[in-house]
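A short write-up of the structure that comes next.
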Amino acid sequence: MSLLGSGALGRVVRSGVGRRRVQTTVIAVACMMAVAAAVIAGSLIVATNAPFDHAFAKQHGAHITAQFDPARVSTAALKETGRLDGVTASAGPYPTTTFNELTLVGRSGPHSDVDDLDLRAGRWAKKAGEIVLSASFLNSPLKIGSVMKASGDADSPGLTVVGFALSSARTADAWATPGQVRALASKDSPVTSQMLYRFKSASSKGQIAADRKLLSAAVPSGSLLATQSYLDTKHSADRGAAATIPFLVAFGVLGIVMSVIIVSSVISGAVGTGLRRIGILKAIGFTPREVVRAYVAQALIPAVAGIALGVVLGNVLAVPLLADTAQVYGGVSLSVTWWVDVVVPAVALLIVTVAALVPALRAGRLRTVEAIAVGRAPRTGRGQWAHRTAGRLPLPRAVTYGLASPFTHPVRTAAMLLAVAFGTVAATFAVGLTSSLNAVGSAQDPQDRADVTVVSGGAVQNRGPLSPGAARRAPSVDPAKVGAAVKAQSGTASYYGMTRTDVTVAGISGSVEATLYQGDSRSGSYEMISGHWITGAGQVVVPTRFLERTGTRIGDTVRVTLGKDTESLRIVGEAFDTDNDGLSVHADMAGFAGARPQVFQIQVKPGVSPADYAAKLAAVVRPLGADVLADEGSQQDGMILVLDSIAVLLTLMLVSVAGLGVLNSVVLDTRERVHDLGVCKALGMSPRQTVSLVLSSVAGIGVLGGLIGVPLGFALHGYVLPVMGHAAGTGLPPSVLDVYDAPELVLLGLAGIAIALLGALLPSGWAARARTATALRTE
Amino acid sequence: MTDVIELAGAAKRYDNAGTPALGPLDLAVAEGEALAVTGPSGSGKSTLLNLVAGLDKPTEGAVTVAGERIDRLGEHALARFRRERIGMVFQFFNLLDDLTVADNIRLPAQLTGAARRKAAARADELMELLGITRHARAYPGRLSGGERQRVAVARALVNRPALLLADEPTGALDTASGHDVRELLVELHRGGQTLVLVTHDMALARACASRTIQLVDGRLSLDTRAEAVR
């Protein structure tokens, strides 16, 4: 037997769906929005859950990337290592060298049994003079056709960028033909042989160590120069992905709660306003079960349509977001996981059915006479006290009449209040989240705040992609002369020298990146989570993860070694620095005799054009071998832009659903009160007064919803942000956490009123336009 | 004596194909006159009342009330016209259940923007006049039909309208209450109130009206003037 059973029941359902067009539309749209939001959030959660794993599996990524000394081990012997017990696949050997501080690997094509590269743009290098860059350079100033030179020397070899490729295991920064790599080799950058391996067991650090031992034992002693484990890359990628999950879950929960509120309120409203119809149905012979089925079906028909559209919309909207996410994670193309498209609509359908069933059962239980009587009788005394009280307010009568209206239907008002409150929570949370993410973005590269940068030479370990200007810089100059030139240049407000280099820190195995400063570096200081920025020699500022890893606290001392210099530095601050997996230190250059500034970061005086200043300074420092870069403004981090887009999209959806909830309730209310409105209009209430009556009936709910929603959104932000930070392995500075100011909170509070008024705007117009004579005839 | 109502060829069609629900009709009602509109169900009585009240617009002809061509007015102007010039009494009272008797009566005055005190004083005066002062703070649902209709009359008179329209004012009342309301309307007419009364009840028409018209199928079939009311 079908859900609708007899033909009569089917006709009743169809007429119910058709007659209540607004409710039908609201159910469909609310379900569509909620399902679309859930599909987006769900697919992103799945995608961000293991972006590295997806990409790694698809590319048959290398578990171990090994560098061998070709002088000690032959190509044949290296190929033989691919047949070792436990090795499931191998590729190489590939000649490898360093070009412009990039690891350049010689491969004749992107495809291979291991590390099957994904060519994201352009083509593969076919001949000498061509280079393919890692996809991580896609957002850099380097484009296809750019020429990269090893140094500023005129006769320095140049390579033209012909493509961008992605290696999930990050086996190289760039690729060229094997012949080109060998041609670029020099005494300083000799050729090594890269081998890529996949192992039967490689899921833990212990297994990787055992695999490495196996390789080491298979080749002559000293020929295995270095290995890189995929687990290090995976760890770094997963940390970034983990940070997004709390935020997506928060939005997902908000979306689900909203859809439950809206659907149950719509069906309850349909039952509440359809009592007389229910009574008539029963009087003409419908059984209670048929009434229940009729009302559930009236909800399910638009809900199913809305859910189906929501799946389509969710997929359409998720694809570009997933593409951006894939780009950020450097992963392969991501798509909505099939089971998200099955589970989300199934759960939504279940929720709608339950939400509809409760009021439908109430309809089924209603006694026939009671239903007819309740449908016709004058209203009970609910809310009369409110009308009495509101009537005394010094406001126009239409407004006071409207203000008291919500008290007539406390349950419907509560549902409307919840919808507005949740909409305000979403808006408040999203505004805070985007502000925090933008604060994270601007806090991440404080040196970008400099108006002008002078590159004075030496090896600069840029964290981001190398700029063409940096790529052309001279190999070595005298930093002292450059510093003197900067100081003497008119328009200089302040400057400091900076260098990045690897140091060792007692208690941490391997190297740690150190940024050493010369002069007053306050203008380039990181955002501080606690403590303060370095103010002189003997001090060090470290990120959260450094403190966790070393078990140290602010005030403790760490021993830092650079070359022959070892300094005991006191930790004076915890900085918000997430680069290098949070393992870095910031200290004054003074204690390290071997360190020299590689760049000078300059702030110009107010009114001085950085471009003009840079041009004048360049004329002075270029003859010294240095180069000048005017600041082009830092680019927003890709992940931040993705999260911003998702937050805006999900918020718009949730706010729209909240507005629909209000719309539905006001439509029900207006329909129920149409006779009273007709009376008021017959007595001379103008259309404008009618609009103000309807709008003021939701204004109080909007105010209250704002008052509830803003603190909740504020609290949600205060809870989710630290969880996101924790998942990313860092504490957060006040500039990221304390993003709301009082005027902004007041404006967000007004969002509740805005949602309520926008939701009520359409029905208020209908009420104003309703024909008085028709309204007076309405029972 | 000037005409308060003037219909010139006024007709109302609800569909283009069929015959009009009312008219074309020429009708004039003078100031101070009490007109009873009678006729069988579907004869166009309520349509006529709606046209005069500005609740509906004619599809043909002109409707002038208290010197104003109301068929040309927009919704806002019609609303202002209704609250300033028209008082309406309905068969089923049409009181607002969630407002007290006093608040119901004050409502039209408040919609005109009248001062709170002035509206309250006028409502008190009318409640006193109609004998419902003791119900001022009660809600309509607790009153008898006759009392509710008195409240409706008080509400209709609060803005001192040029024209009082009553649609089957005794139709929902028992005999005693109906008699009370009839007496009230007679008193109002005697006081000079121009009145249009739509009714099936010929006794009510005879008692209250100085002139009776009968509509059949939307057309005027009878127009009689009484010597004097009662």
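Ligands are numbered from 1 in the order shown, residues from 1 within each chain, and chains are lettered A, B, ... in the order they appear in the structure tokens.
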Legend entry - 9 Å contacts from chain A to chain B using only C-alpha atoms, as JSON, numbers by chain: {"A": [378, 379, 380, 381, 382, 383, 384, 385, 387, 388, 391, 394, 396, 397, 398, 408, 675, 676, 679, 680, 681, 682, 683, 684, 685, 686, 687, 688, 689, 769, 771, 772, 773, 776]}
Legend entry - Val662 in chain A surroundings by only C-alpha atoms, 8 Å radius, close-in-sequence under 5 positions cut, as a PyMOL selection string: chain A and resi 416+419-420+755-756+759-760
Inset, instruction - Determine which residues of range 130-226 of chain B DSSP labels as strand (DSSP E or B) from the backbone of this structure, then write them out as a PyMOL selection string. - result: chain B and resi 163-167+194-198+211-216+219-225
Inset, instruction - Could you check which of B:Leu25, B:Leu165, B:Ala8, B:Val101 is closest to Leu215 in chain B, using only C-alpha atoms? - result: B:Leu25
Inset, instruction - Give me the residues within 12 Å of Ser665 in chain A as a ChimeraX atom specification, counting only C-alpha atoms and dropping any in the same chain fewer than 6 places off. - result: /A:22-23,26-27,261-270,272-273,406,409-420,658-659,671-672,694,697-698,701,756,759-760,762-764
Legend entry - For Leu78 in chain A, the nearest of the candidates A:Ser494, A:Ser134, A:Thr192, A:Ser530, counting only C-alpha atoms: A:Thr192
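Among the candidates A:Leu159, A:Ala493, A:Val486, A:Leu102, the residue lying nearest to Ser189 in chain A is A:Leu102 (atoms considered: only C-alpha atoms).
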